[in-house]
Amino acid sequence: MSGLSVPTTSALSSSQLVPSSNPAVTKTLNRLSRPSLLSLVLDWLDERNQDNTSPYVVDEGSDDDDEQDLYPPARSLEELREIWTDLQGRKGSKRDAVDRIIEGDWRNGLTLYQLAMADMQYLYDHPTSQKWTALKIVRLETEGEEPNSKSKSIPRFHPATFLRNLQKEVLPDVKAHYNLDRHSTLPLLLLRIFIIESPYNTSLALSSKQTTTFDSSKTFYIAFPDDSPYIYVSLNTTTSAPGQPVSRTDNKSLRKLTLEGIPKAFSRPRERYKLEPTNMSARNLNALVDRRGGGRTNAVGGGWGHYAEEKNDGSNNPLNLQMPTPEKSSPEPVEEEEAPKGMKRTMKEDPRVVKRRKLVAAGRFGNSAKQEDGKGIERFDVRIDDPFPYLSSSEQQEDYALADELGSEPVKKKGRRSTISLALERDVEDVEGEGFTPNVCVSFFGQHVFAGIRHLVEAGIVDGEKMPGWMTGEEGVSLGVVRDGRIRKRKAL
């Protein structure tokens with residue numbers, strides 16, 4: 001008699017099997033390259049992971065042997081490990097490896113833990129596959145607490161407690177699977193959240209008939225940098241593929257539910273937190289760690305990064321009263337000679353001019369915005385809210401006093417004035433009183449936006465001395481509003 005499935009509020013177990021016939025299994029494995037897939041299988045065969053990744057192995061003399069089996073089952077874990085190590089050492093196709101996993105060594109199915117490991121391996125192989133948004137964790141002020149009191153800004157993060165509190169915020173008709181993994185190169189912890197729409201946490205929720213529950217839009221990622229009041233979230237809101245039925249739970253609702261559950265999972269009695277936007281989004285985790293991490297580079301973007309460098313001589317101390325000795329090799333400003341009229345401009349430039357441009361770029365950008373630093377953002381959007389400069393009525397009369405210059409009286413038009421001219425005059429009066437602000441938006445695209453701007457400064461296309469500071473990336477944002485030449489700080493949600 002088959003077991004009964006009872007609705008529950010607990011999370012999905014990592015040992016739950018997903019049948020090999022489920023299309024999500026084949027799709028997840030085919031995303032990986034052959035070397036990554038073979039390395040992943042060897043991790044599955046590790047002794048420490050056998051509780052959740054055990055393969056199909058039969059004992060000697062068992063009746064399960066089939067002579068017509070394309071992939072005969074191995075007798076032991078060591079034998080199976082030797083087979084996959086041999087496959088890793090010789091050439092072959094990825095399809096053969098996937099077929100051996102599905103039809104041979106894991107013919108009964110893959111666990112949720114194995115699928116999570118495959119997704120994390122794909123994330124490591126393709127670091128720009130997810131778009132991350134940085135959010136700041138801010139403590140809420142309690143009653144009777146002074147506004148400027150020195151309270152702990154970084155909440156205590158304990159993975160087991162955090163996941164238990166986050167599970168309490170999940171709706172009862174959906175189930176989630178959590179997987180934590182330590183990043184191999186960056187100082188952060190990655191949390192993968194996979195949500196399916198089912199009140200059960202047994203094999204009934206993972207049956208092959210429920211193919212729509214494995215939509216990629218139900219997989220969320222949260223990154224926790226070390227010793228930092230920020231978190232990075234990657235909440236995919238893509239719609240389901242054409243031909244698939246519409247999900248019962250809106251993806252935006254799941255995204256909102258996850259965002260609201262994060263500060264509640266951090267909170268404790270008499271210690272509540274909230275999330276504030278930082279206007280920083282990127283596909284590169286290195287850029288987020290550099291600008292919203294636990295180091296000294298959070299508020300010293302651009303040329304200000306010089307003060308974050310660790311130097312023993314004290315030259316990077318802004319309170320140092322002794323001025324640094326200027327470089328003797330710094331050339332004096334050299335004006336570019338204009339080419340004679342009627343002649344083409346030569347491509348050869350003065351070496352002193354080129355060197356000065358590079359020194360100006362080094363002063364504005366510092367050690368940041370370099371093409372090979374691996375910390376670039378791919379998009380930078382800015383809206384300029386500065387009022388448009390206008391001329392007063394007296395200045396306009398002085399500029400266009402052609403009748404006085406010619407020594408004759410201005411010509412007056414006869415007849416009734418049109419309503420269009422009256423409306424234009426009223427608009428001019430409003431502009432003079434309040435100011436006219438045009439809708440100007442500037443967007444920069446590229447693999448490394450600020451490295452491209454620095455290259456334009458070194459090439460002489462952009463004036464590095466007159467360029468505003470927000471073009472150097474010193475504000476540490478990817479989206480902002482410029483007012484009076486500075487990016488305004490956005491209020492909390």
# chains A, B, ... in the order shown; residues from 1 in each chain; ligands from 1
$ residues_around --residues "region 15-18 of chain A" --least-positions-apart "2" --cutoff "9 Å" --atoms "only C-alpha atoms" --output "PyMOL selection string"
chain A and resi 12-13+20-22+24-25+51-53+108-115+201-203+206-208
$ residues_around --residues "Gly302 (chain A)" --least-positions-apart "4" --cutoff "6 Å" --atoms "only C-alpha atoms" --output "ChimeraX atom specification"
/A:365-366,472-474
$ closest_residue --among "A:Arg34, A:Lys175, A:Lys466, A:Lys168" --to "Arg364 (chain A)" --atoms "only C-alpha atoms"
A:Lys466
$ closest_residue --among "A:Gly104, A:Pro155, A:Pro389, A:Pro127" --to "Asp227 (chain A)" --atoms "only C-alpha atoms"
A:Pro155
$ residues_around --residues "Leu285 (chain A)" --least-positions-apart "3" --cutoff "8 Å" --atoms "only C-alpha atoms" --output "ChimeraX atom specification"
/A:127,132,282,288-289,375
$ write_last_selection --atoms "N, CA and C atoms" --output "PDB file, in the first residue's frame"
ATOM      1  N   PRO A 127      29.108  33.331 -14.877  1.00  0.00           N
ATOM      2  CA  PRO A 127      28.896  34.284 -13.771  1.00  0.00           C
ATOM      3  C   PRO A 127      27.914  35.404 -14.108  1.00  0.00           C
ATOM      4  N   TRP A 132      21.948  40.686 -10.431  1.00  0.00           N
ATOM      5  CA  TRP A 132      21.906  40.827  -8.981  1.00  0.00           C
ATOM      6  C   TRP A 132      21.593  42.270  -8.603  1.00  0.00           C
ATOM      7  N   ALA A 282      23.855  44.714 -11.047  1.00  0.00           N
ATOM      8  CA  ALA A 282      24.872  44.274 -12.005  1.00  0.00           C
ATOM      9  C   ALA A 282      24.780  42.764 -12.155  1.00  0.00           C
ATOM     10  N   LEU A 288      29.716  43.934  -7.346  1.00  0.00           N
ATOM     11  CA  LEU A 288      28.908  44.163  -6.158  1.00  0.00           C
ATOM     12  C   LEU A 288      29.728  43.989  -4.886  1.00  0.00           C
ATOM     13  N   VAL A 289      30.608  42.998  -4.860  1.00  0.00           N
ATOM     14  CA  VAL A 289      31.462  42.798  -3.683  1.00  0.00           C
ATOM     15  C   VAL A 289      32.400  43.986  -3.498  1.00  0.00           C
ATOM     16  N   LYS A 375      35.618  43.902 -12.624  1.00  0.00           N
ATOM     17  CA  LYS A 375      34.629  44.495 -11.718  1.00  0.00           C
ATOM     18  C   LYS A 375      33.722  45.465 -12.457  1.00  0.00           C
TER      19      LYS A 375
END
$ closest_residue --among "A:Ala265, A:Ile196, A:Leu191, A:Val440" --to "Phe388 (chain A)" --atoms "only C-alpha atoms"
A:Val440
$ closest_residue --among "A:Ile377, A:Met280, A:Val382, A:Ala118" --to "His448 (chain A)" --atoms "only C-alpha atoms"
A:Ile377
$ closest_residue --among "A:Ile102, A:Leu40, A:Val360, A:Val354" --to "Leu70 (chain A)" --atoms "only C-alpha atoms"
A:Ile102
$ select_by_dssp --residues "region 70-231 of chain A" --states "helix (DSSP H, G or I)" --output "PyMOL selection string"
chain A and resi 77-89+94-105+112-125+159-168+211-214+216-218
$ closest_residue --among "A:Tyr124, A:Thr219, A:Pro199, A:Pro468" --to "Arg182 (chain A)" --atoms "only C-alpha atoms"
A:Tyr124
$ residues_around --residues "Ile195 (chain A)" --least-positions-apart "6" --cutoff "8 Å" --atoms "only C-alpha atoms" --output "ChimeraX atom specification"
/A:174-177,213,218-219
